[in-house]
Amino acid sequence: MSISNQPAMGHIPEFDQQKAAELQAERRSRIESSLNKRHRKEKAFKAMGFTAVLLGLCFVALLFGSILSRGLPAFWQSSMTTSVYFDPNVITVAAKPVPRSGESPAAFEERYIAWQGEFAMVDWDSLLVNSVLAQDPKLAAHRDEMINIFSSSEGYRLRDMVLADQSLIGKKQDIKFLTAADVDVWVSGKIDRSLPDEQQKLDPEIRQLADQMKTDGVIRNTFNTQLFTNPDSRSAPEMSGLAGAFMGSLFMMLIVIFISIPIGVASAIYLEEFAKQNWLTDIIEVNINNLAAVPSIVFGLLGAAIFINWFHLPLSAPLVGGLVLSLMTLPTVIITTRASLKAVPPSIRQAALGLGASKMQSVFHHVLPLALPGILTGAIIGVAQALGETAPLLLIGMSAFVANIPSTPVDQATALPVQIYLWQGNELRNFFEGRTAAAIIVLLAMMIGLNSLAIWLRKKFEVRW
């Protein structure tokens, strides 16, 4: 048989080479198409992620911009500073009584109450009007309307000043007075001036007088320190402040810190490092995770049932609010602490045990210091979350009106979130809308401060291994 027509060894026919080239080109085309498709998806995902972040930042900026634009002006309020002359012809009150020889305590108490009653008969408002007229005599024609310019509580403030120090009678003293809430709304432009008279809360004469006093520089816009030093007020809305709510929140946060954090951290250390893994610990872990997802209002119902109805603790007290918020914060503290302990490498424990340390020494001398940044961060975030809670506090009566600043955790009080809720529903909306935003700014500043503290502590105690 002749082999001259057979292809040589290793020789590839031209047809096979062409087919291989086509297959290679097709494979390259598929690979390039797949890569291009993957790159397009990657670019689309990056674009969507960037858009989502940008959209989120826009919403945050819109939220903060809206709050700041409404709240910052509320830190300034219409007021007037005048030199008040405590005219002895107006304050016709005898000297403060002192016990007489042989006088019974009941008789002295009767004389003292009668002396205090004399102060109620003094025309304190006339002192205010006279001080303004002495500053700007052109306003004498509006003497009768002028009393409506002042806050209704300023006369009582003068009375209390003289009650505390009778040596003021016959002297002059520069005092800053707040204008009435309706006057502040009018002169600051928070109400539509084009509304008809029947829809305006102020009479035309008082509106005209307020504008004139604003033009003459008698009424000025000054920083409102009463917002931080006064409790809430219903009789004089312009005097309402955040001092009572701030102290109530402060007492509650102290209770949360001293109850929730130690118990939560100790529980997490035991469950993560010492407890045996069995069905009982599994049930406990599942329930802790479930409690972290329970709505906060349920904790309010629990607190009302246990602490108020069963233990008979005082209603609307920071003590009860702090206990309720401690129960609500416990799952968060336990979960974050356990996560921080799990993040410590097992080699740290093994090395400590290998060097002869006991289990207790291994945990408290080696593992816990390394987990401390995460534990502190979780604890502070839990406290910040409790600071902003409102629903559980409403159910234990902390929405009640409290006109005094609490001095102990068992005194009646409210909290900053609840105060915001109450002001938002106030009928004098034009005035309290700005104050509500100002209270939100204070609350956000406290929460941002706590979160900044958590970040700082995390960086300070962070240890790399």
# chains A, B, ... in the order shown; residues from 1 in each chain; ligands from 1
>>> residues_around(residues="region 168-174 of chain A", least_positions_apart="2", cutoff="9 Å", atoms="only C-alpha atoms", output="list in words")
Thr81, Thr82, Ser83, Val84, Tyr85, Phe86, Asp87, Pro88, Asn89, Ile91, Met161, Val162, Asp165, Gln166 and Lys176 of chain A
>>> residues_around(residues="region 289-304 of chain A", least_positions_apart="6", cutoff="12 Å", atoms="only C-alpha atoms", output="ChimeraX atom specification")
/A:282-283,310-317,319-336,338,382,385-386,388-398
>>> write_last_selection(atoms="C-alpha atoms", output="short mmCIF file (atom, residue, chain, number, x, y, z; two decimals), in the first residue's frame")
data_model
loop_
_atom_site.label_atom_id
_atom_site.label_comp_id
_atom_site.auth_asym_id
_atom_site.auth_seq_id
_atom_site.Cartn_x
_atom_site.Cartn_y
_atom_site.Cartn_z
CA ASP A 282 -29.50 27.88 74.10
CA ILE A 283 -32.94 28.90 75.39
CA TRP A 310 -46.82 45.82 92.00
CA PHE A 311 -43.92 47.65 93.71
CA HIS A 312 -45.96 50.88 94.03
CA LEU A 313 -43.10 53.11 92.96
CA PRO A 314 -44.02 56.76 92.32
CA LEU A 315 -45.72 57.53 89.05
CA SER A 316 -43.87 59.69 86.53
CA ALA A 317 -40.56 59.32 88.40
CA LEU A 319 -36.49 55.99 88.94
CA VAL A 320 -39.24 54.03 87.20
CA GLY A 321 -38.24 55.37 83.78
CA GLY A 322 -34.62 54.37 84.40
CA LEU A 323 -35.62 50.85 85.45
CA VAL A 324 -37.82 50.41 82.36
CA LEU A 325 -35.08 51.69 80.05
CA SER A 326 -32.56 49.42 81.81
CA LEU A 327 -34.71 46.40 80.96
CA MET A 328 -34.92 47.58 77.37
CA THR A 329 -31.16 48.21 77.09
CA LEU A 330 -30.04 44.91 78.67
CA PRO A 331 -30.37 42.74 75.51
CA THR A 332 -28.40 45.26 73.44
CA VAL A 333 -25.58 45.39 75.98
CA ILE A 334 -25.46 41.59 76.29
CA ILE A 335 -25.40 41.01 72.53
CA THR A 336 -22.73 43.63 71.81
CA ARG A 338 -20.75 38.82 73.55
CA GLY A 382 -27.37 51.29 74.21
CA GLN A 385 -30.79 54.49 72.27
CA ALA A 386 -32.46 54.64 75.69
CA GLY A 388 -34.21 58.81 72.67
CA GLU A 389 -37.03 56.47 73.72
CA THR A 390 -40.49 57.93 74.19
CA ALA A 391 -43.12 55.17 74.03
CA PRO A 392 -42.23 53.31 77.28
CA LEU A 393 -42.10 56.61 79.21
CA LEU A 394 -45.61 57.59 78.10
CA LEU A 395 -47.00 54.42 79.67
CA ILE A 396 -45.48 55.10 83.09
CA GLY A 397 -46.93 58.61 83.30
CA MET A 398 -43.91 60.71 82.34
#
>>> residues_around(residues="Tyr421 (chain A)", least_positions_apart="5", cutoff="9 Å", atoms="only C-alpha atoms", output="PyMOL selection string")
chain A and resi 390+399+416+436
>>> residues_around(residues="Leu444 (chain A)", least_positions_apart="5", cutoff="10 Å", atoms="only C-alpha atoms", output="NGL selection string")
:A and (64 or 384 or 387-388 or 438-439 or 449-450)
>>> residues_around(residues="Pro346 (chain A)", least_positions_apart="5", cutoff="12 Å", atoms="only C-alpha atoms", output="list of chain:residue names")
A:Glu273, A:Leu341, A:Ala351, A:Ala352, A:Leu353, A:Ser362, A:Val363, A:His366, A:Val367, A:Trp465
>>> select_by_dssp(residues="region 201-283 of chain A", states="helix (DSSP H, G or I)", output="number ranges by chain")
A: 204-215, 226-229, 237-239, 243-274, 279-283
